[in-house]
Every structure is written in C-alpha cells, then in structure tokens.
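**Q** Input file: upload20.csv. Contents: CSV, C-alpha atoms (C1' of nucleotides).
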chain,number,residue,atom,x,y,z
A,1,MET,CA,-3.2,4.2,8.3
A,2,LEU,CA,-0.6,6.9,8.0
A,3,SER,CA,2.5,5.7,6.2
A,4,ARG,CA,6.0,5.7,7.7
A,5,LYS,CA,6.9,8.4,5.2
A,6,THR,CA,4.3,10.7,6.6
A,7,LYS,CA,5.3,10.0,10.2
A,8,TYR,CA,9.0,10.7,9.4
A,9,GLY,CA,8.0,13.9,7.6
A,10,ILE,CA,6.0,15.2,10.5
A,11,LYS,CA,8.9,14.4,12.8
A,12,ALA,CA,11.3,16.3,10.7
A,13,LEU,CA,9.0,19.2,10.4
A,14,THR,CA,8.3,19.5,14.1
A,15,TYR,CA,12.1,19.2,14.7
A,16,LEU,CA,12.6,22.3,12.5
A,17,ALA,CA,9.6,24.1,14.0
A,18,ARG,CA,11.0,23.7,17.5
A,19,LEU,CA,14.2,25.5,16.7
A,20,ASP,CA,14.8,29.1,17.8
A,21,ASN,CA,16.2,30.3,14.6
A,22,ASN,CA,15.4,29.2,11.1
A,23,GLU,CA,18.9,28.4,10.0
A,24,PRO,CA,19.3,25.4,7.6
A,25,VAL,CA,19.7,22.0,9.2
A,26,SER,CA,21.5,19.2,7.4
A,27,ILE,CA,19.7,15.9,6.6
A,28,SER,CA,22.1,14.0,8.7
A,29,THR,CA,21.4,16.1,11.8
A,30,ILE,CA,17.7,15.5,11.5
A,31,ALA,CA,18.1,11.9,10.7
A,32,ASP,CA,20.3,11.3,13.7
A,33,ALA,CA,18.1,13.2,16.1
A,34,GLU,CA,14.8,11.6,15.0
A,35,GLN,CA,16.1,8.2,14.2
A,36,ILE,CA,15.1,8.2,10.5
A,37,PRO,CA,17.0,6.4,7.7
A,38,HIS,CA,19.2,9.0,6.1
A,39,LYS,CA,18.4,8.3,2.5
A,40,PHE,CA,14.7,7.9,3.1
A,41,LEU,CA,14.6,11.2,4.9
A,42,GLU,CA,16.5,12.8,2.0
A,43,ALA,CA,13.7,11.9,-0.4
A,44,ILE,CA,11.0,13.1,2.0
A,45,LEU,CA,12.6,16.5,2.6
A,46,LEU,CA,13.1,16.9,-1.1
A,47,GLU,CA,9.4,16.3,-1.7
A,48,LEU,CA,8.5,18.9,1.0
A,49,ARG,CA,10.8,21.3,-0.7
A,50,LYS,CA,9.3,20.8,-4.1
A,51,ASN,CA,5.9,21.5,-2.6
A,52,SER,CA,7.2,24.8,-1.0
A,53,ILE,CA,6.9,23.7,2.6
A,54,LEU,CA,10.7,23.5,3.0
A,55,GLY,CA,13.5,25.5,1.5
A,56,SER,CA,17.0,24.3,1.1
A,57,ARG,CA,20.5,25.7,0.8
A,58,LYS,CA,23.3,23.8,-0.8
A,59,GLY,CA,27.0,23.7,0.1
A,60,LYS,CA,28.7,24.0,3.4
A,61,GLY,CA,26.4,25.1,6.2
A,62,GLY,CA,23.5,24.2,4.0
A,63,GLY,CA,20.4,22.1,4.8
A,64,TYR,CA,16.7,22.5,5.0
A,65,TYR,CA,14.6,25.1,6.7
A,66,LEU,CA,10.9,26.0,7.0
A,67,MET,CA,9.6,28.3,4.3
A,68,GLN,CA,6.9,29.7,6.5
A,69,SER,CA,6.5,30.2,10.2
A,70,PRO,CA,5.0,27.1,12.0
A,71,GLU,CA,1.6,28.7,12.7
A,72,THR,CA,0.9,29.0,9.0
A,73,VAL,CA,1.8,25.5,8.0
A,74,ARG,CA,-1.5,23.6,7.9
A,75,MET,CA,-1.6,19.9,8.6
A,76,SER,CA,-3.8,19.5,5.6
A,77,SER,CA,-0.9,20.6,3.4
A,78,ILE,CA,1.5,18.2,5.0
A,79,HIS,CA,-1.0,15.4,4.6
A,80,ARG,CA,-1.5,16.1,0.9
A,81,VAL,CA,2.1,16.3,0.1
A,82,LEU,CA,3.3,13.2,2.1
A,83,GLU,CA,0.3,10.9,2.4
A,84,GLY,CA,-1.8,12.0,-0.6
A,85,PRO,CA,-5.5,12.8,-0.9
A,86,ILE,CA,-7.5,13.3,2.3
A,87,ALA,CA,-10.6,11.9,0.7
A,88,MET,CA,-11.4,8.2,0.9
A,89,LEU,CA,-12.5,8.0,-2.7
A,90,PRO,CA,-11.0,9.7,-5.8
A,91,CYS,CA,-14.4,11.0,-6.8
A,92,VAL,CA,-14.6,12.9,-3.6
A,93,SER,CA,-11.1,14.4,-3.6
A,94,LEU,CA,-10.8,18.2,-4.1
A,95,ASN,CA,-7.1,18.2,-5.1
A,96,PHE,CA,-6.8,14.8,-6.7
A,97,TYR,CA,-10.2,14.3,-8.3
A,98,GLU,CA,-10.8,11.3,-10.5
A,99,LYS,CA,-14.0,9.6,-11.6
A,100,CYS,CA,-14.6,6.3,-10.0
A,101,GLU,CA,-14.3,3.8,-12.9
A,102,ASP,CA,-17.1,1.5,-11.6
A,103,CYS,CA,-19.5,4.3,-10.6
A,104,ILE,CA,-22.5,4.8,-12.8
A,105,ASP,CA,-23.8,8.1,-11.6
A,106,GLU,CA,-21.9,10.3,-9.2
A,107,GLU,CA,-24.9,12.5,-8.6
A,108,THR,CA,-27.0,9.8,-7.1
A,109,CYS,CA,-24.2,7.8,-5.6
A,110,ALA,CA,-24.8,7.4,-1.8
A,111,VAL,CA,-21.3,6.4,-1.0
A,112,ASN,CA,-20.1,9.5,-2.7
A,113,LYS,CA,-22.2,11.7,-0.5
A,114,LEU,CA,-21.2,9.8,2.6
A,115,MET,CA,-17.5,10.2,1.8
A,116,ILE,CA,-17.9,13.9,1.1
A,117,GLN,CA,-19.2,14.3,4.7
A,118,VAL,CA,-16.2,12.4,6.0
A,119,ARG,CA,-13.8,14.4,3.9
A,120,ASP,CA,-15.3,17.8,4.9
A,121,ASN,CA,-15.0,16.9,8.6
A,122,THR,CA,-11.5,15.6,8.4
A,123,LEU,CA,-10.4,18.6,6.3
A,124,ALA,CA,-11.8,21.0,8.8
A,125,ILE,CA,-9.7,19.5,11.5
A,126,LEU,CA,-6.5,19.3,9.4
A,127,GLU,CA,-6.9,22.8,8.0
A,128,ASN,CA,-7.4,24.2,11.5
A,129,GLN,CA,-4.3,22.5,13.0
A,130,THR,CA,-0.8,23.8,12.2
A,131,LEU,CA,2.7,22.8,12.9
A,132,LYS,CA,2.7,25.3,15.7
A,133,ASP,CA,0.0,23.4,17.4
A,134,LEU,CA,2.0,20.2,17.3
A,135,ILE,CA,5.0,21.5,19.2
A,136,LYS,CA,3.3,23.1,22.2
B,1,MET,CA,-8.4,5.5,-0.2
B,2,LEU,CA,-11.0,2.8,0.0
B,3,SER,CA,-9.9,-0.6,-1.4
B,4,ARG,CA,-11.7,-2.3,-4.2
B,5,LYS,CA,-12.7,-5.0,-1.7
B,6,THR,CA,-14.6,-2.5,0.4
B,7,LYS,CA,-16.3,-0.9,-2.7
B,8,TYR,CA,-17.3,-4.4,-3.9
B,9,GLY,CA,-18.6,-5.2,-0.4
B,10,ILE,CA,-20.7,-2.1,-0.2
B,11,LYS,CA,-22.1,-2.8,-3.7
B,12,ALA,CA,-23.1,-6.3,-2.7
B,13,LEU,CA,-24.7,-5.2,0.6
B,14,THR,CA,-26.7,-2.4,-1.1
B,15,TYR,CA,-27.8,-4.9,-3.7
B,16,LEU,CA,-29.2,-7.1,-0.9
B,17,ALA,CA,-30.7,-4.2,1.0
B,18,ARG,CA,-32.7,-3.1,-2.0
B,19,LEU,CA,-34.5,-6.4,-2.3
B,20,ASP,CA,-38.1,-6.6,-1.2
B,21,ASN,CA,-37.7,-9.9,0.6
B,22,ASN,CA,-34.7,-11.2,2.4
B,23,GLU,CA,-34.4,-14.5,0.5
B,24,PRO,CA,-30.8,-15.8,-0.1
B,25,VAL,CA,-29.1,-14.6,-3.3
B,26,SER,CA,-26.4,-16.6,-4.8
B,27,ILE,CA,-22.9,-15.2,-5.3
B,28,SER,CA,-23.2,-15.5,-9.1
B,29,THR,CA,-26.3,-13.4,-9.1
B,30,ILE,CA,-24.7,-10.6,-7.2
B,31,ALA,CA,-21.4,-10.9,-9.1
B,32,ASP,CA,-23.2,-10.6,-12.4
B,33,ALA,CA,-25.5,-7.8,-11.4
B,34,GLU,CA,-22.7,-5.7,-9.8
B,35,GLN,CA,-19.9,-6.6,-12.2
B,36,ILE,CA,-17.7,-8.1,-9.5
B,37,PRO,CA,-15.2,-11.0,-10.1
B,38,HIS,CA,-17.0,-14.1,-8.8
B,39,LYS,CA,-14.2,-15.5,-6.7
B,40,PHE,CA,-13.2,-12.2,-5.2
B,41,LEU,CA,-16.8,-11.5,-4.2
B,42,GLU,CA,-17.0,-15.0,-2.7
B,43,ALA,CA,-14.2,-14.1,-0.3
B,44,ILE,CA,-15.8,-10.8,0.6
B,45,LEU,CA,-19.2,-12.3,1.4
B,46,LEU,CA,-17.6,-15.0,3.4
B,47,GLU,CA,-15.9,-12.4,5.6
B,48,LEU,CA,-19.1,-10.4,6.0
B,49,ARG,CA,-20.7,-13.7,7.1
B,50,LYS,CA,-18.0,-14.4,9.6
B,51,ASN,CA,-18.6,-11.0,11.1
B,52,SER,CA,-22.3,-11.6,11.4
B,53,ILE,CA,-23.3,-9.0,8.9
B,54,LEU,CA,-24.5,-11.6,6.4
B,55,GLY,CA,-26.0,-15.0,6.8
B,56,SER,CA,-25.8,-17.8,4.3
B,57,ARG,CA,-27.7,-20.9,3.3
B,58,LYS,CA,-26.1,-23.8,1.5
B,59,GLY,CA,-27.6,-26.1,-1.2
B,60,LYS,CA,-30.1,-25.5,-3.9
B,61,GLY,CA,-31.8,-22.1,-3.5
B,62,GLY,CA,-29.1,-21.0,-1.1
B,63,GLY,CA,-27.0,-17.9,-1.1
B,64,TYR,CA,-26.4,-14.9,1.1
B,65,TYR,CA,-28.8,-12.6,3.0
B,66,LEU,CA,-28.7,-9.7,5.5
B,67,MET,CA,-28.7,-10.8,9.1
B,68,GLN,CA,-30.3,-7.5,10.2
B,69,SER,CA,-32.5,-5.0,8.6
B,70,PRO,CA,-30.7,-2.3,6.6
B,71,GLU,CA,-31.4,0.5,9.0
B,72,THR,CA,-29.5,-1.2,11.8
B,73,VAL,CA,-26.3,-2.0,9.7
B,74,ARG,CA,-23.9,0.8,10.5
B,75,MET,CA,-21.4,1.9,7.9
B,76,SER,CA,-18.8,1.9,10.7
B,77,SER,CA,-19.2,-1.9,11.1
B,78,ILE,CA,-18.9,-2.4,7.3
B,79,HIS,CA,-15.8,-0.3,7.3
B,80,ARG,CA,-14.1,-2.2,10.1
B,81,VAL,CA,-14.8,-5.6,8.6
B,82,LEU,CA,-13.8,-4.8,5.0
B,83,GLU,CA,-11.3,-1.9,5.2
B,84,GLY,CA,-10.0,-2.3,8.8
B,85,PRO,CA,-9.4,0.4,11.4
B,86,ILE,CA,-11.1,3.7,11.0
B,87,ALA,CA,-8.2,5.5,12.8
B,88,MET,CA,-5.2,6.8,10.9
B,89,LEU,CA,-2.8,5.5,13.5
B,90,PRO,CA,-2.7,2.3,15.5
B,91,CYS,CA,-2.3,4.2,18.8
B,92,VAL,CA,-5.6,5.9,18.1
B,93,SER,CA,-7.6,2.9,17.1
B,94,LEU,CA,-10.4,1.8,19.4
B,95,ASN,CA,-10.9,-1.7,18.0
B,96,PHE,CA,-7.4,-2.4,16.7
B,97,TYR,CA,-5.2,-0.5,19.2
B,98,GLU,CA,-1.5,-0.9,19.1
B,99,LYS,CA,1.3,1.2,20.5
B,100,CYS,CA,3.3,3.2,17.9
B,101,GLU,CA,6.7,1.7,17.9
B,102,ASP,CA,8.5,5.0,17.4
B,103,CYS,CA,6.4,7.0,19.8
B,104,ILE,CA,8.1,8.0,23.0
B,105,ASP,CA,5.1,9.2,25.0
B,106,GLU,CA,1.6,8.8,23.8
B,107,GLU,CA,0.2,11.1,26.5
B,108,THR,CA,2.1,14.1,25.2
B,109,CYS,CA,2.1,13.2,21.5
B,110,ALA,CA,0.4,15.9,19.5
B,111,VAL,CA,-0.1,13.8,16.4
B,112,ASN,CA,-1.9,11.3,18.6
B,113,LYS,CA,-4.3,14.0,19.8
B,114,LEU,CA,-4.9,15.3,16.4
B,115,MET,CA,-5.7,11.9,15.0
B,116,ILE,CA,-8.1,11.2,17.9
B,117,GLN,CA,-10.0,14.2,16.7
B,118,VAL,CA,-10.1,13.0,13.2
B,119,ARG,CA,-11.2,9.5,14.3
B,120,ASP,CA,-14.0,10.8,16.5
B,121,ASN,CA,-15.4,12.9,13.7
B,122,THR,CA,-15.2,10.2,11.1
B,123,LEU,CA,-16.6,7.6,13.5
B,124,ALA,CA,-19.6,9.9,14.3
B,125,ILE,CA,-20.5,10.0,10.7
B,126,LEU,CA,-20.0,6.3,9.9
B,127,GLU,CA,-21.9,5.3,13.0
B,128,ASN,CA,-24.8,7.5,12.1
B,129,GLN,CA,-25.1,6.3,8.6
B,130,THR,CA,-26.6,2.9,7.8
B,131,LEU,CA,-27.2,0.7,4.8
B,132,LYS,CA,-30.7,2.0,4.6
B,133,ASP,CA,-29.4,5.5,4.1
B,134,LEU,CA,-27.3,4.3,1.1
B,135,ILE,CA,-30.3,3.0,-0.8
B,136,LYS,CA,-32.7,5.8,-0.7
C,1,DT,C1',-29.2,-39.1,-4.2
C,2,DA,C1',-27.9,-35.7,-7.2
C,3,DT,C1',-27.3,-31.1,-7.6
C,4,DT,C1',-26.5,-26.7,-6.0
C,5,DA,C1',-23.8,-23.3,-4.0
C,6,DC,C1',-21.3,-22.3,0.0
C,7,DC,C1',-16.6,-23.1,1.9
C,8,DC,C1',-11.5,-23.5,2.0
C,9,DT,C1',-6.6,-23.5,0.5
C,10,DA,C1',-3.2,-22.5,-2.6
C,11,DT,C1',-1.1,-19.6,-6.0
C,12,DA,C1',0.4,-15.6,-8.5
C,13,DA,C1',0.6,-11.1,-10.9
C,14,DA,C1',0.8,-6.4,-10.0
C,15,DG,C1',1.6,-2.5,-7.3
C,16,DC,C1',3.1,0.0,-3.3
C,17,DT,C1',6.1,1.0,0.7
C,18,DC,C1',10.4,1.2,2.7
C,19,DA,C1',15.1,1.3,2.3
C,20,DT,C1',19.9,1.4,0.3
C,21,DA,C1',23.5,2.6,-3.1
C,22,DG,C1',26.2,5.5,-6.0
C,23,DG,C1',27.2,9.2,-8.0
C,24,DG,C1',26.2,14.2,-9.9
C,25,DT,C1',26.0,19.1,-9.0
C,26,DA,C1',25.6,23.5,-6.8
C,27,DT,C1',27.4,26.4,-3.1
C,28,DG,C1',30.4,28.5,0.2
C,29,DT,C1',35.1,28.9,2.1
C,30,DA,C1',40.1,29.0,2.1
D,1,DT,C1',40.9,28.2,-8.2
D,2,DA,C1',40.4,24.2,-5.5
D,3,DC,C1',38.1,21.7,-2.1
D,4,DA,C1',34.7,20.2,1.0
D,5,DT,C1',30.0,20.1,2.1
D,6,DA,C1',25.5,18.7,1.4
D,7,DC,C1',21.7,18.9,-1.6
D,8,DC,C1',19.9,16.4,-5.8
D,9,DC,C1',18.8,12.6,-8.9
D,10,DT,C1',18.3,7.8,-10.7
D,11,DA,C1',18.3,3.1,-10.1
D,12,DT,C1',17.5,-1.1,-7.6
D,13,DG,C1',15.4,-4.5,-4.7
D,14,DA,C1',13.3,-6.8,-0.6
D,15,DG,C1',8.9,-7.3,1.6
D,16,DC,C1',4.2,-6.7,1.9
D,17,DT,C1',-0.6,-6.0,0.4
D,18,DT,C1',-4.1,-6.0,-2.9
D,19,DT,C1',-6.5,-8.1,-6.4
D,20,DA,C1',-7.6,-12.0,-8.8
D,21,DT,C1',-7.9,-17.0,-10.4
D,22,DA,C1',-8.1,-22.1,-9.9
D,23,DG,C1',-9.5,-26.4,-8.0
D,24,DG,C1',-11.7,-29.1,-5.2
D,25,DG,C1',-14.3,-30.3,-0.6
D,26,DT,C1',-18.6,-30.2,1.9
D,27,DA,C1',-23.1,-29.2,3.6
D,28,DA,C1',-27.9,-28.7,2.6
D,29,DT,C1',-32.0,-29.0,-0.1
D,30,DA,C1',-35.3,-30.5,-3.7
Please render this file's structure as structure tokens.

**A**
Amino acid sequence: MLSRKTKYGIKALTYLARLDNNEPVSISTIADAEQIPHKFLEAILLELRKNSILGSRKGKGGGYYLMQSPETVRMSSIHRVLEGPIAMLPCVSLNFYEKCEDCIDEETCAVNKLMIQVRDNTLAILENQTLKDLIK
Amino acid sequence: MLSRKTKYGIKALTYLARLDNNEPVSISTIADAEQIPHKFLEAILLELRKNSILGSRKGKGGGYYLMQSPETVRMSSIHRVLEGPIAMLPCVSLNFYEKCEDCIDEETCAVNKLMIQVRDNTLAILENQTLKDLIK
DNA sequence: TATTACCCTATAAAGCTCATAGGGTATGTA
DNA sequence: TACATACCCTATGAGCTTTATAGGGTAATA
C-alpha cells in the first residue's frame, strides 16, 4: 500500500504541474491547498529536491518548482524517491538491489523469477505514465 | 516489499508441494528444514489453514498438508492471505476495497486509474502462477 | 490413556510511519 | 545594512506493524 508520504508528494507535484507558469510556490501555499501537514510536506519537498525532481529558491518570493516539464517526470521516478523500490523483493530491485539473506541460490529461486515478472510489468506502466498524464 | 511472514509461508508451502505424498508434516519438521522460527511458523500455517489453503490433523502423526494439488494453488491467493491486498491503494483493491479518505472524486482520480492498471497487471501474473510453477 | 502436535492468548522488542517543534541559514528587498 | 521571508536541518515522540517468544489448553491418535 502506498504510504501517506507518497500520496502527499503526488498531490504536491500535481498541484505544481497544474500551474500555468513555473514560479516558485511556498510550502505553506501547497500545504493549505492540498490539506497536508506543513512540516511533513516540508520534508517531502526537500527529498524531492534532493532527487532533482523539484528545485527551490530561498528568501522572499521563494518556494518550490518543477525542475522539468510535467510530461518528462515519470511516475517511476516519483515512486522510487518517495515510496522506495518498485520491486517486491530486494533481490529483484534494479535500483536498490540486495541479496535476500535467506535465499540459497538466486539463479534457481522461483520466487525471484516470479517477482521479476511483476516488477517488469509494474515498471513498464510507471515508466510510461508521467505527471502530465495525471493532470488531464 | 514482501514481509518475512510471506516469505516463510511460501517456503513452507513449496516444502509441502515438493513431497511425493500428501501426508501431514509437523510444524517442527518444516521449521527445521526451512530455518523458520517455530512459533512464528505456527501462526503462519494456522492462517493458511483458516483460509483453506492448508489442512491439518491433530495428535500423533499429525501436521499440516496441502488442501489442493500444487497446480491449483494460485500465487494470488497466497499473497492475499499472507501479505494482504495486491493493490497499492485501498480504493483500487478488489478484495479489500476501501474509499481513500482524502480523495475527492474516485471517478476522476488519475492516481486511482494508474493503480488499477498496476493491479490488473500484477494480478494477471499472480493468478497465472501456481505453487507447482514454483517447484520445478 | 498417554502422548503428540495443533490451537489460542498474551507479551514485548524493534522498526517504521506520521507528525510536531524549534531554531539555523540563505536570499531578496527596502 | 537590516529585515523579513521561506527554505533547511535536527531532534523528538506517539502510534502502529512486524517479528518473535512463552506458556498453556485441547483434540486426536496409537
């Protein structure tokens, strides 16, 4: 199940994507509009910035803005930043790979192969869908 | 990410599926063979029994056994019993449906539509795959 | 009838999620 | 320069879930 963090993040991103211009918007503005706890949203936007999905400007008139146009922001990127791996097992993750501690042989592991299928299919959908698709 | 509970459950089920006969196997036997904490496995097998995936016999010579042959036990069933909903959002779940509390209109919600796609694809794979496929 | 092994409840450590608080720091404007 | 704005960072804690253990009750079988 998607975490609240991810849902909040998607809300904030679609809010920004719907704007006509790409001027910075303050945390408070987004938090009020989307009913998100201010401090929680602050942490989320910060993380999106550190992962180059958002940019920010400090000082008066500052805030957050999209680094790329909505049609180039893939849902897979957003998922990875906010929710973490798309794979259901660490040994199946492309970006967060880890060996399963209790797995004897990954090559012959049937669960591994099954979860690779699931991952590939999910990934194909999330790669194909962008922020732009969410706002029309 | 799949929980340890689900991984243990799958291990136990494949252990049973690999047997030549379908005689009951005690918790201890499975726990030792698959390196699973005894009491934890006990709870898992009990849950699988309550959901008609396993049967059990008490007393001497008792234990757990598969209720159906391996080729008819779908991975989707196992997932639902041990891990819970396959959907990434409650509003997209077929068997565990719930309205998203912060969603204004499900009909027009783009995230909802996206996650339905993901669910359908994942489901297709997990329905198609059975215990039998895991052991060859 | 004794033993086996399932069955049930309670408990708790550990970890994660969600949320809040308080203050530091960079930036733009007057 | 001084000030206000708004990002930035660290710490803290409640609440929940996961993982695991313990102890005993109960049904079934040899």

**Q** Taking 5 positions as the minimum chain separation for residues in the same chain, which residues sit within 9 Å of stretch 29-33 of chain A when counting all atoms listed in the file? Answer as a ChimeraX atom specification.

**A** /A:11-12,15-16,38-39,41-42

**Q** Restricting the output to C-alpha atoms, write the selected residues as an mmCIF file, keeping the file's coordinate frame.

**A**
data_model
loop_
_atom_site.group_PDB
_atom_site.id
_atom_site.type_symbol
_atom_site.label_atom_id
_atom_site.label_comp_id
_atom_site.auth_asym_id
_atom_site.auth_seq_id
_atom_site.Cartn_x
_atom_site.Cartn_y
_atom_site.Cartn_z
ATOM 1 C CA LYS A 11 8.900 14.400 12.800
ATOM 2 C CA ALA A 12 11.300 16.300 10.700
ATOM 3 C CA TYR A 15 12.100 19.200 14.700
ATOM 4 C CA LEU A 16 12.600 22.300 12.500
ATOM 5 C CA HIS A 38 19.200 9.000 6.100
ATOM 6 C CA LYS A 39 18.400 8.300 2.500
ATOM 7 C CA LEU A 41 14.600 11.200 4.900
ATOM 8 C CA GLU A 42 16.500 12.800 2.000
#

**Q** What separation in Å, quoted to one decimal, exists between atom CA of B:Arg80 and atom CA of B:Lys99?

**A**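 Answer for the atom CA of B:Arg80 to atom CA of B:Lys99 separation: 18.9 Å.
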
**Q** Within 6 Å of chain D, which residues of chain B come that close, and what is the closest atom pair and distance in Å for each? Count all atoms listed in the file and give it as CSV.

**A**
residue,atom,partner,partner_atom,distance
B:Lys58,CA,D:DA28,C1',5.3
B:Gly59,CA,D:DA28,C1',4.6
B:Lys60,CA,D:DT29,C1',5.5

**Q** Could you give me, as a Markdown table, every chain C residue with an atom at most 12 Å from chain A, plus its closest atom pair and distance in Å to one decimal, counting only C-alpha atoms (C1' of nucleotides), rows ordered by chain then number?

**A**
| residue | atom | partner | partner_atom | distance |
| --- | --- | --- | --- | --- |
| C:DC16 | C1' | A:Ser3 | CA | 11.1 |
| C:DT17 | C1' | A:Ser3 | CA | 8.1 |
| C:DC18 | C1' | A:Phe40 | CA | 8.0 |
| C:DA19 | C1' | A:Phe40 | CA | 6.7 |
| C:DT20 | C1' | A:Lys39 | CA | 7.4 |
| C:DA21 | C1' | A:Lys39 | CA | 9.5 |
| C:DG22 | C1' | A:Lys39 | CA | 11.9 |
| C:DT25 | C1' | A:Lys58 | CA | 9.8 |
| C:DA26 | C1' | A:Lys58 | CA | 6.4 |
| C:DT27 | C1' | A:Gly59 | CA | 4.2 |
| C:DG28 | C1' | A:Lys60 | CA | 5.8 |
| C:DT29 | C1' | A:Lys60 | CA | 8.2 |

**Q** Write the residues of the preceding selection, restricted to C-alpha atoms (C1' of nucleotides), as an mmCIF file, in the coordinates of the input.

**A**
data_model
loop_
_atom_site.group_PDB
_atom_site.id
_atom_site.type_symbol
_atom_site.label_atom_id
_atom_site.label_comp_id
_atom_site.auth_asym_id
_atom_site.auth_seq_id
_atom_site.Cartn_x
_atom_site.Cartn_y
_atom_site.Cartn_z
ATOM 1 C "C1'" DC C 16 3.100 0.000 -3.300
ATOM 2 C "C1'" DT C 17 6.100 1.000 0.700
ATOM 3 C "C1'" DC C 18 10.400 1.200 2.700
ATOM 4 C "C1'" DA C 19 15.100 1.300 2.300
ATOM 5 C "C1'" DT C 20 19.900 1.400 0.300
ATOM 6 C "C1'" DA C 21 23.500 2.600 -3.100
ATOM 7 C "C1'" DG C 22 26.200 5.500 -6.000
ATOM 8 C "C1'" DT C 25 26.000 19.100 -9.000
ATOM 9 C "C1'" DA C 26 25.600 23.500 -6.800
ATOM 10 C "C1'" DT C 27 27.400 26.400 -3.100
ATOM 11 C "C1'" DG C 28 30.400 28.500 0.200
ATOM 12 C "C1'" DT C 29 35.100 28.900 2.100
#

**Q** Give the residues of chain A that lie within 6 Å of chain B; count only C-alpha atoms, and format the answer as a PDB file with C-alpha atoms, in the frame of the given file.

**A**
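part.pdb was written with the following content:
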ATOM      1  CA  MET A   1      -3.200   4.200   8.300  1.00  0.00           C
ATOM      2  CA  LEU A   2      -0.600   6.900   8.000  1.00  0.00           C
ATOM      3  CA  MET A  88     -11.400   8.200   0.900  1.00  0.00           C
ATOM      4  CA  LEU A  89     -12.500   8.000  -2.700  1.00  0.00           C
ATOM      5  CA  ALA A 110     -24.800   7.400  -1.800  1.00  0.00           C
ATOM      6  CA  VAL A 118     -16.200  12.400   6.000  1.00  0.00           C
ATOM      7  CA  THR A 122     -11.500  15.600   8.400  1.00  0.00           C
ATOM      8  CA  LEU A 134       2.000  20.200  17.300  1.00  0.00           C
TER       9      LEU A 134
END

**Q** Of the candidates A:Leu19, A:Cys103, A:Ile44, A:Ile27, which shows the shortest atom-to-atom distance to A:Glu83, using only C-alpha atoms?

**A**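 Closest candidate: A:Ile44.
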
**Q** Applying 12 Å and all atoms listed in the file, which residues near A:Asp20 remain after dropping the ones on its own chain fewer than 5 positions away? List them as an MDAnalysis selection string.

**A** chainID A and resid 15 65:66 69:70

**Q** Pull C-alpha atoms from the residues just selected and write them as an mmCIF file, in the coordinates of the input.

**A**
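Here's the written file out35.cif:
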data_model
loop_
_atom_site.group_PDB
_atom_site.id
_atom_site.type_symbol
_atom_site.label_atom_id
_atom_site.label_comp_id
_atom_site.auth_asym_id
_atom_site.auth_seq_id
_atom_site.Cartn_x
_atom_site.Cartn_y
_atom_site.Cartn_z
ATOM 1 C CA TYR A 15 12.100 19.200 14.700
ATOM 2 C CA TYR A 65 14.600 25.100 6.700
ATOM 3 C CA LEU A 66 10.900 26.000 7.000
ATOM 4 C CA SER A 69 6.500 30.200 10.200
ATOM 5 C CA PRO A 70 5.000 27.100 12.000
#

**Q** If I take atom CA of B:Leu54 and atom CA of B:Met67, how far is one from the other in Å, to one decimal?

**A**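 Atom-to-atom, atom CA of B:Leu54 to atom CA of B:Met67, that is 5.1 Å.
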
**Q** Can you work out the spacing between atom CA of B:Ser76 and atom CA of B:Asn95 in Å, to one decimal?

**A**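 Computing it gives 11.3 Å between the two atoms.
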